[in-house]
Each structure stands twice: as structure tokens, then as C-alpha cells.
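Enquirer: Attaching a single structure in C-alpha cells format; questions to follow.
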Amino acid sequence: MLDLIKAGGWLMAPLLACSLAATIIIFERSLALRRARVLPAQLVAILRRWAERRAVDREDLDALALDSPLGRIVAAGLGYRGHGRDILRERVEDAGRHVVHELERFLNALGTIASISPLLGLLGTVAGMIKIFQIVSVQGNSNFGLLSVGIAEALVTTAAGLTVAIPSVLFYRYFHARVDELVVDMEQETLRLIDVLDGENPREQRP
């Protein structure tokens with residue numbers, strides 16, 4: 001493996017950096033976009049009970065877990081209970097935009113890595129071909145040992161660029177689809193919350 005890295009030349013350094021960054025992002029987003037973290041089952045169950053009762057239950061409020069993206073939206077809604085549906089919806093939507101931005105964090109970086117890795121590989125191919133032509137122009141094409149250096153650089157960097165880009169593209173698209181799915185589910189739960197908070201009497205239900 002070390003010999004392959006050396007054969008790829010100096011362009012292997014940015015490709016290795018891209019590979020490391022992509023691996024860290026994929027691992028971090030895999031944990032951050034778990035359904036159990038974004039939409040905790042306990043919190044979803046509480047919101048659905050509120051929707052069935054058409055009121056906020058004080059016992060549920062005491063047990064409410066808000067340390068999640070959906071929880072932050074719920075907290076924003078509870079903070080504006082009794083202020084009218086328009087204000088309530090505005091605050092909840094504002095909190096939702098911040099949550100969506102957080103869910104999409106690092107995805108642009110992963111997409112950038114997926115885009116530039118093949119280009120770095122192509123640049124390595126060009127650099128390797130230039131090296132080959134330089135050798136041929138000076139020593140002719142009889143010295144295959146020197147020619148193989150340029151050929152190896154061209155092939156190794158191309159392979160390395162594709163190796164980094166392919167999984168990066170796959171996970172980039174997967175995470176975007178995952179975020180879209182979670183956002184739709186959060187919107188449904190948020191609409192239930194707005195209906196409940198808009199319909200309750202804040203003087204009777206306020207804990």
C-alpha cells in the first residue's frame with residue numbers, strides 16, 4: 001500500500017486528505033441522522049397523544065425529552081403557546097429551518113469531495129503523462145523502467161481519485177435522501193403540534 005502511495009506522487013497527499021475527511025463526515029452523519037436521535041420515539045408518542053387529546057398534558061410535559069432536532073422545534077412551539085397561530089407557526093418554522101440546516105451540515109463538504117476527487121485523479125494522470133513525454137524526449141522510449149514511473153503515477157492517482165469519489169457520491173445522495181425523509185416526518189409532527197397549541201386554552205393548560 002505504501003508503495004502505491006509513493007508511486008502516485010505528490011497528488012496522493014490531497015487525495016488521502018479527501019479520503020480521511022470523507023470517512024469522518026460519513027461516520028459523523030451516520031450517527032447524527034439516526035431516526036432515534038432526530039425523532040425520538042418517546043417524543044413522537046407524546047406529540048401524538050397531544051393530538052388525540054387536543055391538549056397539552058402536564059404529565060407529558062414533565063417527562064418531555066427535548067434534546068433532539070424535533071425536540072428543539074417542540075420547545076420553540078411551547079415557548080409561544082397562546083400567541084396566536086400565525087406567530088406560533090412562524091416561530092416553529094424558523095426553528096425548523098435551523099434544524100434542517102443542522103441536519104444538512106457537512107453534506108456540501110462531502111459533495112465537494114465527491115466532485116474534486118476524480119479531478120485530482122485526472123490531474124495526476126496528466127502529470128504522469130507529462131513525465132512520460134519528458135522521459136521519451138530526453139532518453140527515448142527504450143528505458144521502460146523510467147517510463148513505468150510516469151505510467152504508475154497516471155494510473156494510481158486515477159484509481160485513487162475514483163476510489164474516494166464513488167463512496168462519497170453514494171453517501172452524499174443517501175444522506176440527502178435521509179434528510180428529506182426526516183424533514184417530511186418532522187413536518188407532520190410539527191403540524192400536529194401547531195394544531196394542538198393553537199387549539200388549547202393557555203390559561204388552563206399552562207404548567
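Identifiers in the C-alpha cells: chain A, B, ... in order shown; residue index from 1 per chain; ligand index from 1 in order shown.
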I want to know what sits within 12 Å of Val184 of chain A, based on only C-alpha atoms, with residues of the same chain fewer than 6 positions away left out; could you give that as a PyMOL selection string?
Expert: chain A and resi 39+70+96+100+177-178+190-191
Enquirer: Hey, which of A:Ala55, A:Leu197, A:Leu78, A:Leu182 ends up closest to Arg35 of chain A? Count only C-alpha atoms.
Expert: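 So, comparing all the options, the nearest one is A:Leu182.
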Enquirer: Neighbouring residues of Leu123 of chain A were defined as those with any atom within 9 Å, considering only C-alpha atoms; residues of the same chain fewer than 2 positions away were excluded. Please report them as a count of residues only.
Expert: 12
Enquirer: According to DSSP computed on the backbone, where in segment 41-127 of chain A is there helix (DSSP H, G or I)? Give the residues as a ChimeraX atom specification.
Expert: /A:41-53,58-62,69-79,85-103,107-127
Enquirer: So how many Å separate atom CA of Glu90 of chain A and atom CA of Ala63 of chain A, to one decimal?
Expert: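 Here the two named atoms are 25.9 Å from each other.
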Enquirer: Given only C-alpha atoms as the basis, pick out the residue of A:Gly84, A:Gly71, A:Gly124, A:Pro167 nearest to Asp198 of chain A.
Expert: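 Under the stated criterion, the closest residue is A:Gly84.
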Enquirer: Kindly indicate which residue among A:Leu64, A:Val183, A:Arg53, A:Arg81 lies nearest to Ala41 of chain A, using only C-alpha atoms for the distances.
Expert: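 Smallest distance to Ala41 of chain A is found for A:Leu64.
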Enquirer: So that I can check the surroundings of Ala21 of chain A, please list as a VMD selection string every protein, DNA and RNA residue that reaches within 9 Å of it, counting only C-alpha atoms and ignoring chain neighbours fewer than 4 positions away.
Expert: chain A and resid 16 to 17 25 to 26 109 to 110 113
Enquirer: Have a look at A:Phe133, A:Phe106, A:Val156, A:Asp185 and name the one nearest to Ser30 of chain A; count only C-alpha atoms.
Expert: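 Nearest to Ser30 of chain A: A:Phe106.
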Enquirer: Residues within 6 Å of Arg54 of chain A, please, as a list in words. Count only C-alpha atoms; anything in the same chain fewer than 3 positions from it doesn't count.
Expert: Trp50, Ala51 and Val196 of chain A
Enquirer: Would you mind reading off the distance between atom CA of Asp180 of chain A and atom CA of His98 of chain A, one decimal, in Å?
Expert: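 Atom CA of His98 of chain A lies at a distance of 14.5 Å from atom CA of Asp180 of chain A.
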Enquirer: If we count only C-alpha atoms and set the cut-off at 10 Å, which residues sit around Cys18 of chain A, ignoring sequence neighbours fewer than 2 positions away in its own chain? Please answer as a ChimeraX atom specification.
Expert: /A:12-16,20-24,109-110,112-114,116-117,161,164-165,168
